[in-house]
$ cat my_file_2.pdb   # PDB, C-alpha atoms, pLDDT in the B column
MODEL        1
ATOM      1  CA  MET A   1      -4.287  -4.092  14.723  1.00 90.00           C
ATOM      2  CA  ASP A   2      -6.578  -3.380  11.792  1.00 88.00           C
ATOM      3  CA  LEU A   3      -5.625  -1.201   8.826  1.00 83.00           C
ATOM      4  CA  ARG A   4      -8.934   0.633   8.971  1.00 81.00           C
ATOM      5  CA  LEU A   5      -9.395   2.283  12.347  1.00 80.00           C
ATOM      6  CA  PRO A   6     -11.907   4.999  13.182  1.00 81.00           C
ATOM      7  CA  GLY A   7     -10.209   8.327  12.566  1.00 79.00           C
ATOM      8  CA  SER A   8      -6.794   6.916  11.675  1.00 79.00           C
ATOM      9  CA  ASP A   9      -4.816   4.639   9.416  1.00 82.00           C
ATOM     10  CA  GLY A  10      -3.525   1.434  10.991  1.00 86.00           C
ATOM     11  CA  THR A  11      -0.206   1.533   9.156  1.00 87.00           C
ATOM     12  CA  ASP A  12       0.458   5.107  10.282  1.00 88.00           C
ATOM     13  CA  LEU A  13      -0.354   4.065  13.840  1.00 91.00           C
ATOM     14  CA  LEU A  14       1.961   1.067  13.453  1.00 92.00           C
ATOM     15  CA  VAL A  15       4.811   3.419  12.491  1.00 92.00           C
ATOM     16  CA  THR A  16       4.075   5.590  15.546  1.00 93.00           C
ATOM     17  CA  ILE A  17       4.016   2.614  17.927  1.00 94.00           C
ATOM     18  CA  ARG A  18       7.188   1.101  16.469  1.00 93.00           C
ATOM     19  CA  GLY A  19       8.870   4.512  16.699  1.00 93.00           C
ATOM     20  CA  GLU A  20       8.285   4.578  20.441  1.00 94.00           C
ATOM     21  CA  PHE A  21       8.542   0.822  21.043  1.00 95.00           C
ATOM     22  CA  PRO A  22      10.897  -0.606  18.384  1.00 93.00           C
ATOM     23  CA  ASP A  23      10.600  -4.147  19.737  1.00 93.00           C
ATOM     24  CA  ALA A  24       6.799  -4.178  19.517  1.00 94.00           C
ATOM     25  CA  ARG A  25       5.528  -7.111  17.488  1.00 95.00           C
ATOM     26  CA  ILE A  26       2.329  -6.131  15.749  1.00 95.00           C
ATOM     27  CA  ILE A  27       0.070  -8.370  13.713  1.00 95.00           C
ATOM     28  CA  MET A  28      -2.076  -6.655  11.130  1.00 93.00           C
ATOM     29  CA  LEU A  29      -5.467  -8.396  11.225  1.00 90.00           C
ATOM     30  CA  THR A  30      -7.584  -7.026   8.407  1.00 89.00           C
ATOM     31  CA  SER A  31      -9.936  -7.733   5.546  1.00 87.00           C
ATOM     32  CA  THR A  32      -7.811  -5.666   3.122  1.00 81.00           C
ATOM     33  CA  GLU A  33      -6.102  -7.912   0.558  1.00 80.00           C
ATOM     34  CA  SER A  34      -4.524  -5.310  -1.711  1.00 80.00           C
ATOM     35  CA  ASP A  35      -0.834  -5.822  -2.378  1.00 78.00           C
ATOM     36  CA  GLY A  36      -0.110  -2.123  -1.890  1.00 80.00           C
ATOM     37  CA  GLU A  37      -1.531  -2.164   1.647  1.00 84.00           C
ATOM     38  CA  ILE A  38       0.246  -5.431   2.467  1.00 86.00           C
ATOM     39  CA  GLN A  39       3.596  -4.061   1.290  1.00 84.00           C
ATOM     40  CA  ARG A  40       3.070  -0.792   3.132  1.00 84.00           C
ATOM     41  CA  ALA A  41       2.239  -2.551   6.416  1.00 90.00           C
ATOM     42  CA  MET A  42       5.141  -4.997   6.160  1.00 89.00           C
ATOM     43  CA  ARG A  43       7.596  -2.204   5.314  1.00 86.00           C
ATOM     44  CA  ALA A  44       6.283  -0.244   8.296  1.00 90.00           C
ATOM     45  CA  GLY A  45       7.277  -3.104  10.571  1.00 93.00           C
ATOM     46  CA  ALA A  46       4.270  -5.402  10.872  1.00 94.00           C
ATOM     47  CA  ALA A  47       5.354  -8.795  12.132  1.00 95.00           C
ATOM     48  CA  ALA A  48       2.465 -10.497  10.361  1.00 95.00           C
ATOM     49  CA  TYR A  49      -0.357  -9.709   7.965  1.00 93.00           C
ATOM     50  CA  VAL A  50      -3.386 -11.921   8.533  1.00 93.00           C
ATOM     51  CA  LEU A  51      -6.802 -11.708   6.911  1.00 92.00           C
ATOM     52  CA  LYS A  52      -9.849 -11.702   9.177  1.00 91.00           C
ATOM     53  CA  SER A  53     -11.226 -14.637   7.217  1.00 91.00           C
ATOM     54  CA  VAL A  54      -8.473 -17.043   8.371  1.00 90.00           C
ATOM     55  CA  PRO A  55      -9.427 -20.016  10.523  1.00 92.00           C
ATOM     56  CA  LYS A  56      -8.768 -19.635  14.244  1.00 93.00           C
ATOM     57  CA  ASN A  57      -5.956 -22.205  14.201  1.00 93.00           C
ATOM     58  CA  GLU A  58      -4.066 -20.179  11.583  1.00 92.00           C
ATOM     59  CA  LEU A  59      -4.491 -16.989  13.615  1.00 93.00           C
ATOM     60  CA  LEU A  60      -3.129 -18.839  16.636  1.00 94.00           C
ATOM     61  CA  MET A  61      -0.175 -20.036  14.541  1.00 93.00           C
ATOM     62  CA  ALA A  62       0.506 -16.427  13.477  1.00 94.00           C
ATOM     63  CA  VAL A  63       0.509 -15.291  17.108  1.00 95.00           C
ATOM     64  CA  ARG A  64       2.930 -18.080  18.018  1.00 95.00           C
ATOM     65  CA  TYR A  65       5.267 -17.225  15.127  1.00 94.00           C
ATOM     66  CA  VAL A  66       5.296 -13.556  16.039  1.00 96.00           C
ATOM     67  CA  HIS A  67       5.706 -14.276  19.749  1.00 95.00           C
ATOM     68  CA  SER A  68       8.791 -16.365  18.918  1.00 95.00           C
ATOM     69  CA  GLY A  69      10.299 -13.428  17.019  1.00 94.00           C
ATOM     70  CA  ARG A  70       9.483 -14.569  13.496  1.00 94.00           C
ATOM     71  CA  ARG A  71       7.360 -12.950  10.816  1.00 93.00           C
ATOM     72  CA  TYR A  72       4.244 -14.604   9.434  1.00 93.00           C
ATOM     73  CA  VAL A  73       2.618 -14.160   6.043  1.00 90.00           C
ATOM     74  CA  PRO A  74      -0.057 -16.720   5.129  1.00 89.00           C
ATOM     75  CA  PRO A  75       0.041 -18.310   1.671  1.00 86.00           C
ATOM     76  CA  GLU A  76      -2.893 -16.308   0.235  1.00 85.00           C
ATOM     77  CA  VAL A  77      -1.263 -13.032   1.319  1.00 86.00           C
ATOM     78  CA  ALA A  78       2.107 -14.136  -0.038  1.00 85.00           C
ATOM     79  CA  ALA A  79       0.413 -14.984  -3.351  1.00 82.00           C
ATOM     80  CA  ARG A  80      -0.988 -11.428  -3.554  1.00 78.00           C
ATOM     81  CA  LEU A  81       2.492 -10.036  -2.961  1.00 76.00           C
ATOM     82  CA  ALA A  82       4.040 -12.379  -5.518  1.00 76.00           C
ATOM     83  CA  GLU A  83       1.673 -11.146  -8.251  1.00 73.00           C
ATOM     84  CA  HIS A  84       3.624  -7.886  -8.387  1.00 66.00           C
ATOM     85  CA  LEU A  85       7.033  -9.085  -7.301  1.00 64.00           C
ATOM     86  CA  GLY A  86       9.603  -7.365  -9.456  1.00 55.00           C
ATOM     87  CA  ASP A  87       7.225  -4.548 -10.378  1.00 61.00           C
ATOM     88  CA  GLU A  88       8.765  -1.152  -9.993  1.00 69.00           C
ATOM     89  CA  ASP A  89       7.402   0.858  -7.097  1.00 81.00           C
ATOM     90  CA  LEU A  90       5.928   4.229  -7.867  1.00 85.00           C
ATOM     91  CA  THR A  91       8.039   7.097  -6.588  1.00 89.00           C
ATOM     92  CA  PRO A  92       6.561   9.481  -4.008  1.00 89.00           C
ATOM     93  CA  ARG A  93       6.233  12.123  -6.758  1.00 94.00           C
ATOM     94  CA  GLU A  94       4.433   9.692  -9.071  1.00 93.00           C
ATOM     95  CA  LEU A  95       2.033   8.902  -6.229  1.00 91.00           C
ATOM     96  CA  ASP A  96       1.480  12.650  -5.709  1.00 94.00           C
ATOM     97  CA  VAL A  97       0.628  13.025  -9.405  1.00 96.00           C
ATOM     98  CA  LEU A  98      -1.676   9.996  -9.268  1.00 94.00           C
ATOM     99  CA  ARG A  99      -3.524  11.405  -6.230  1.00 94.00           C
ATOM    100  CA  LEU A 100      -4.053  14.703  -8.018  1.00 96.00           C
ATOM    101  CA  ILE A 101      -5.352  12.880 -11.106  1.00 96.00           C
ATOM    102  CA  ARG A 102      -7.734  11.014  -8.786  1.00 95.00           C
ATOM    103  CA  ASP A 103      -8.888  14.374  -7.428  1.00 96.00           C
ATOM    104  CA  GLY A 104      -9.745  15.592 -10.941  1.00 95.00           C
ATOM    105  CA  PHE A 105      -6.791  17.878 -11.642  1.00 96.00           C
ATOM    106  CA  ARG A 106      -5.613  18.424 -15.216  1.00 96.00           C
ATOM    107  CA  ASN A 107      -1.907  18.328 -16.050  1.00 96.00           C
ATOM    108  CA  LYS A 108      -1.469  22.110 -15.874  1.00 96.00           C
ATOM    109  CA  GLN A 109      -3.215  22.196 -12.478  1.00 97.00           C
ATOM    110  CA  ILE A 110      -1.036  19.336 -11.243  1.00 96.00           C
ATOM    111  CA  ALA A 111       2.060  21.243 -12.370  1.00 96.00           C
ATOM    112  CA  ASP A 112       0.868  24.321 -10.474  1.00 96.00           C
ATOM    113  CA  GLN A 113       0.040  22.300  -7.347  1.00 95.00           C
ATOM    114  CA  LEU A 114       3.450  20.612  -7.290  1.00 95.00           C
ATOM    115  CA  SER A 115       5.417  23.637  -8.534  1.00 95.00           C
ATOM    116  CA  ILE A 116       6.859  21.714 -11.473  1.00 96.00           C
ATOM    117  CA  ALA A 117       6.691  22.115 -15.248  1.00 95.00           C
ATOM    118  CA  GLU A 118       3.782  20.615 -17.158  1.00 95.00           C
ATOM    119  CA  GLY A 119       6.294  18.583 -19.179  1.00 94.00           C
ATOM    120  CA  THR A 120       7.526  17.034 -15.915  1.00 95.00           C
ATOM    121  CA  VAL A 121       3.942  16.082 -15.056  1.00 95.00           C
ATOM    122  CA  ASN A 122       3.643  14.399 -18.460  1.00 95.00           C
ATOM    123  CA  PHE A 123       6.897  12.526 -17.765  1.00 96.00           C
ATOM    124  CA  HIS A 124       5.587  11.307 -14.371  1.00 95.00           C
ATOM    125  CA  ILE A 125       2.289  10.221 -15.903  1.00 96.00           C
ATOM    126  CA  LYS A 126       4.075   8.268 -18.642  1.00 95.00           C
ATOM    127  CA  ASN A 127       6.254   6.555 -16.033  1.00 94.00           C
ATOM    128  CA  LEU A 128       3.413   5.625 -13.681  1.00 93.00           C
ATOM    129  CA  VAL A 129       1.266   4.353 -16.571  1.00 94.00           C
ATOM    130  CA  ASP A 130       4.191   2.184 -17.723  1.00 93.00           C
ATOM    131  CA  LYS A 131       4.997   0.922 -14.209  1.00 90.00           C
ATOM    132  CA  LEU A 132       1.372  -0.042 -13.566  1.00 90.00           C
ATOM    133  CA  GLY A 133       1.005  -1.673 -16.968  1.00 89.00           C
ATOM    134  CA  ALA A 134      -1.903   0.638 -17.756  1.00 92.00           C
ATOM    135  CA  ASN A 135      -3.240   1.864 -21.097  1.00 95.00           C
ATOM    136  CA  ASP A 136      -3.758   5.452 -19.971  1.00 94.00           C
ATOM    137  CA  ARG A 137      -4.125   7.619 -16.860  1.00 94.00           C
ATOM    138  CA  ALA A 138      -7.715   6.485 -16.204  1.00 93.00           C
ATOM    139  CA  HIS A 139      -6.651   2.843 -16.385  1.00 94.00           C
ATOM    140  CA  ALA A 140      -3.722   3.662 -14.069  1.00 93.00           C
ATOM    141  CA  LEU A 141      -6.221   4.969 -11.501  1.00 93.00           C
ATOM    142  CA  THR A 142      -8.259   1.774 -11.720  1.00 92.00           C
ATOM    143  CA  ILE A 143      -5.156  -0.368 -11.198  1.00 90.00           C
ATOM    144  CA  ALA A 144      -3.947   1.826  -8.334  1.00 88.00           C
ATOM    145  CA  PHE A 145      -7.315   1.523  -6.543  1.00 87.00           C
ATOM    146  CA  ARG A 146      -7.419  -2.237  -7.090  1.00 84.00           C
ATOM    147  CA  ARG A 147      -3.899  -2.661  -5.731  1.00 83.00           C
ATOM    148  CA  GLY A 148      -4.521  -0.391  -2.741  1.00 79.00           C
ATOM    149  CA  LEU A 149      -2.010   2.249  -3.833  1.00 83.00           C
ATOM    150  CA  LEU A 150      -4.780   4.859  -3.685  1.00 83.00           C
ATOM    151  CA  GLN A 151      -7.859   5.235  -1.519  1.00 77.00           C
ATOM    152  CA  ILE A 152     -11.021   7.159  -2.295  1.00 77.00           C
TER     153      ILE A 152
ENDMDL
END
$ encode --input "my_file_2.pdb" --output "structure tokens"
Amino acid sequence: MDLRLPGSDGTDLLVTIRGEFPDARIIMLTSTESDGEIQRAMRAGAAAYVLKSVPKNELLMAVRYVHSGRRYVPPEVAARLAEHLGDEDLTPRELDVLRLIRDGFRNKQIADQLSIAEGTVNFHIKNLVDKLGANDRAHALTIAFRRGLLQI
């Protein structure tokens, strides 16, 4: 299954399929290399995450691994994951704040949207900037897009 499907998100579809068929073994075959997308798909129950650029013999190996009940992550995908191993994950609320920043909201507007105090928004922004290793909120957006934590 691909991550980018017409009219839907592959990872969301993966969750739906695994909810109905928990033993389903699904290989994500995609061109998306962002660590955020890889982590999301693997957490959702993907048995493998393979890039479309892999040679046919490696794809066949992935199918064999998954068919035998094992998981498969090729070295280049594992390297992407390892780059941020040990990084703190953003909380769902921090991701909400980041999405609203992406959409052009100011702190007061974010507070109103989320029904929280503006000081709490500032706290979330400080945390997500720190967790992403960013210089400021704009830099945090750039990092989040690059890592696949946010989509346009």
$ atom_distance --input "my_file_2.pdb" --atom1 "atom CA of A:Pro55" --atom2 "atom CA of A:Pro75"
13.1 Å
$ atom_distance --input "my_file_2.pdb" --atom1 "atom CA of A:Asn57" --atom2 "atom CA of A:Asp2"
19.0 Å
$ resolve_selection --input "my_file_2.pdb" --expression "the PyMOL selection byres ((chain A and resi 49) around 10)" --output "count of residues only"
27
$ residues_near_point --input "my_file_2.pdb" --point "(5.2, 13.0, -8.8)" --cutoff "10 Å" --atoms "all atoms listed in the file" --output "number ranges by chain"
A: 90-100, 110-111, 114, 116, 120-125, 127-128
$ write_last_selection --input "my_file_2.pdb" --atoms "C-alpha atoms" --output "PDB file, in the frame of the given file"
ATOM      1  CA  LEU A  90       5.928   4.229  -7.867  1.00 85.00           C
ATOM      2  CA  THR A  91       8.039   7.097  -6.588  1.00 89.00           C
ATOM      3  CA  PRO A  92       6.561   9.481  -4.008  1.00 89.00           C
ATOM      4  CA  ARG A  93       6.233  12.123  -6.758  1.00 94.00           C
ATOM      5  CA  GLU A  94       4.433   9.692  -9.071  1.00 93.00           C
ATOM      6  CA  LEU A  95       2.033   8.902  -6.229  1.00 91.00           C
ATOM      7  CA  ASP A  96       1.480  12.650  -5.709  1.00 94.00           C
ATOM      8  CA  VAL A  97       0.628  13.025  -9.405  1.00 96.00           C
ATOM      9  CA  LEU A  98      -1.676   9.996  -9.268  1.00 94.00           C
ATOM     10  CA  ARG A  99      -3.524  11.405  -6.230  1.00 94.00           C
ATOM     11  CA  LEU A 100      -4.053  14.703  -8.018  1.00 96.00           C
ATOM     12  CA  ILE A 110      -1.036  19.336 -11.243  1.00 96.00           C
ATOM     13  CA  ALA A 111       2.060  21.243 -12.370  1.00 96.00           C
ATOM     14  CA  LEU A 114       3.450  20.612  -7.290  1.00 95.00           C
ATOM     15  CA  ILE A 116       6.859  21.714 -11.473  1.00 96.00           C
ATOM     16  CA  THR A 120       7.526  17.034 -15.915  1.00 95.00           C
ATOM     17  CA  VAL A 121       3.942  16.082 -15.056  1.00 95.00           C
ATOM     18  CA  ASN A 122       3.643  14.399 -18.460  1.00 95.00           C
ATOM     19  CA  PHE A 123       6.897  12.526 -17.765  1.00 96.00           C
ATOM     20  CA  HIS A 124       5.587  11.307 -14.371  1.00 95.00           C
ATOM     21  CA  ILE A 125       2.289  10.221 -15.903  1.00 96.00           C
ATOM     22  CA  ASN A 127       6.254   6.555 -16.033  1.00 94.00           C
ATOM     23  CA  LEU A 128       3.413   5.625 -13.681  1.00 93.00           C
TER      24      LEU A 128
END
$ residues_around --input "my_file_2.pdb" --residues "stretch 134-145 of chain A" --least-positions-apart "4" --cutoff "9 Å" --atoms "all atoms listed in the file" --output "list in words"
Ser34, Gly36, Leu98, Arg99, Ile101, Arg102, Ile125, Lys126, Leu128, Val129, Asp130, Leu149, Leu150, Gln151 and Ile152 of chain A
$ write_last_selection --input "my_file_2.pdb" --atoms "C-alpha atoms" --output "tab-separated table (two decimals), in the frame of the given file"
chain	number	residue	atom	x	y	z
A	34	SER	CA	-4.52	-5.31	-1.71
A	36	GLY	CA	-0.11	-2.12	-1.89
A	98	LEU	CA	-1.68	10.00	-9.27
A	99	ARG	CA	-3.52	11.40	-6.23
A	101	ILE	CA	-5.35	12.88	-11.11
A	102	ARG	CA	-7.73	11.01	-8.79
A	125	ILE	CA	2.29	10.22	-15.90
A	126	LYS	CA	4.08	8.27	-18.64
A	128	LEU	CA	3.41	5.62	-13.68
A	129	VAL	CA	1.27	4.35	-16.57
A	130	ASP	CA	4.19	2.18	-17.72
A	149	LEU	CA	-2.01	2.25	-3.83
A	150	LEU	CA	-4.78	4.86	-3.68
A	151	GLN	CA	-7.86	5.24	-1.52
A	152	ILE	CA	-11.02	7.16	-2.30
$ atom_distance --input "my_file_2.pdb" --atom1 "atom CA of A:Arg18" --atom2 "atom CA of A:Arg43"
11.6 Å
$ closest_residue --input "my_file_2.pdb" --among "A:Ala82, A:Asp23, A:Asp35, A:Gly45" --to "A:Gly10" --atoms "only C-alpha atoms"
A:Gly45
$ closest_residue --input "my_file_2.pdb" --among "A:Arg64, A:Arg106, A:Lys56, A:Arg4" --to "A:Glu118" --atoms "only C-alpha atoms"
A:Arg106
$ axis_aligned_box --input "my_file_2.pdb" --around "stretch 52-55 of chain A" --padding-each-side "3 Å" --output "JSON"
{"center_x": -9.8, "center_y": -15.9, "center_z": 8.9, "size_x": 8.8, "size_y": 14.3, "size_z": 9.3}
$ closest_residue --input "my_file_2.pdb" --among "A:Leu3, A:Gly148, A:Ser68, A:Leu13" --to "A:Ser31" --atoms "all atoms listed in the file"
A:Leu3
$ build_atoms --input "my_file_2.pdb" --residues "stretch 15-40 of chain A" --atoms "N, CA, C and O atoms" --output "compact mmCIF listing (two decimals), in the frame of the given file"
# COMPACT_ATOMS: atom_id res chain seq x y z
N VAL A 15 3.54 2.68 12.56
CA VAL A 15 4.81 3.42 12.49
C VAL A 15 5.03 4.19 13.80
O VAL A 15 6.13 4.19 14.36
N THR A 16 3.98 4.83 14.30
CA THR A 16 4.08 5.59 15.55
C THR A 16 4.43 4.68 16.72
O THR A 16 5.33 5.00 17.51
N ILE A 17 3.75 3.55 16.82
CA ILE A 17 4.02 2.61 17.93
C ILE A 17 5.44 2.08 17.83
O ILE A 17 6.17 2.06 18.82
N ARG A 18 5.83 1.66 16.63
CA ARG A 18 7.19 1.10 16.47
C ARG A 18 8.26 2.17 16.69
O ARG A 18 9.36 1.85 17.09
N GLY A 19 7.92 3.43 16.43
CA GLY A 19 8.87 4.51 16.70
C GLY A 19 9.15 4.66 18.18
O GLY A 19 10.27 4.94 18.60
N GLU A 20 8.12 4.46 18.99
CA GLU A 20 8.28 4.58 20.44
C GLU A 20 8.70 3.26 21.08
O GLU A 20 9.43 3.24 22.07
N PHE A 21 8.23 2.15 20.51
CA PHE A 21 8.54 0.82 21.04
C PHE A 21 9.07 -0.05 19.91
O PHE A 21 8.32 -0.85 19.33
N PRO A 22 10.36 0.09 19.56
CA PRO A 22 10.90 -0.61 18.38
C PRO A 22 10.79 -2.13 18.44
O PRO A 22 10.79 -2.78 17.40
N ASP A 23 10.69 -2.69 19.63
CA ASP A 23 10.60 -4.15 19.74
C ASP A 23 9.17 -4.66 19.71
O ASP A 23 8.94 -5.87 19.81
N ALA A 24 8.21 -3.76 19.56
CA ALA A 24 6.80 -4.18 19.52
C ALA A 24 6.58 -5.10 18.32
O ALA A 24 7.07 -4.84 17.23
N ARG A 25 5.86 -6.16 18.55
CA ARG A 25 5.53 -7.11 17.49
C ARG A 25 4.04 -6.98 17.21
O ARG A 25 3.22 -7.39 18.03
N ILE A 26 3.72 -6.44 16.06
CA ILE A 26 2.33 -6.13 15.75
C ILE A 26 1.86 -6.97 14.57
O ILE A 26 2.52 -7.03 13.53
N ILE A 27 0.71 -7.59 14.76
CA ILE A 27 0.07 -8.37 13.71
C ILE A 27 -1.04 -7.51 13.12
O ILE A 27 -1.89 -7.02 13.84
N MET A 28 -1.00 -7.35 11.81
CA MET A 28 -2.08 -6.66 11.13
C MET A 28 -3.16 -7.70 10.84
O MET A 28 -2.91 -8.68 10.15
N LEU A 29 -4.33 -7.50 11.42
CA LEU A 29 -5.47 -8.40 11.22
C LEU A 29 -6.53 -7.58 10.50
O LEU A 29 -7.09 -6.65 11.07
N THR A 30 -6.77 -7.91 9.24
CA THR A 30 -7.58 -7.03 8.41
C THR A 30 -8.31 -7.79 7.32
O THR A 30 -8.00 -8.97 7.07
N SER A 31 -9.24 -7.14 6.69
CA SER A 31 -9.94 -7.73 5.55
C SER A 31 -9.37 -7.20 4.23
O SER A 31 -9.78 -7.62 3.17
N THR A 32 -8.40 -6.30 4.31
CA THR A 32 -7.81 -5.67 3.12
C THR A 32 -6.76 -6.57 2.50
O THR A 32 -5.75 -6.87 3.13
N GLU A 33 -7.00 -6.98 1.25
CA GLU A 33 -6.10 -7.91 0.56
C GLU A 33 -5.24 -7.26 -0.51
O GLU A 33 -4.57 -7.96 -1.25
N SER A 34 -5.26 -5.95 -0.62
CA SER A 34 -4.52 -5.31 -1.71
C SER A 34 -3.02 -5.37 -1.46
O SER A 34 -2.55 -5.17 -0.35
N ASP A 35 -2.28 -5.66 -2.52
CA ASP A 35 -0.83 -5.82 -2.38
C ASP A 35 -0.16 -4.53 -1.92
O ASP A 35 0.82 -4.57 -1.18
N GLY A 36 -0.69 -3.39 -2.33
CA GLY A 36 -0.11 -2.12 -1.89
C GLY A 36 -0.20 -1.94 -0.39
O GLY A 36 0.75 -1.51 0.26
N GLU A 37 -1.35 -2.28 0.19
CA GLU A 37 -1.53 -2.16 1.65
C GLU A 37 -0.67 -3.19 2.39
O GLU A 37 -0.09 -2.89 3.43
N ILE A 38 -0.58 -4.40 1.84
CA ILE A 38 0.25 -5.43 2.47
C ILE A 38 1.70 -4.98 2.50
O ILE A 38 2.35 -5.02 3.55
N GLN A 39 2.21 -4.52 1.36
CA GLN A 39 3.60 -4.06 1.29
C GLN A 39 3.84 -2.91 2.25
O GLN A 39 4.86 -2.88 2.95
N ARG A 40 2.91 -1.97 2.27
CA ARG A 40 3.07 -0.79 3.13
C ARG A 40 3.14 -1.20 4.61
O ARG A 40 3.99 -0.73 5.35
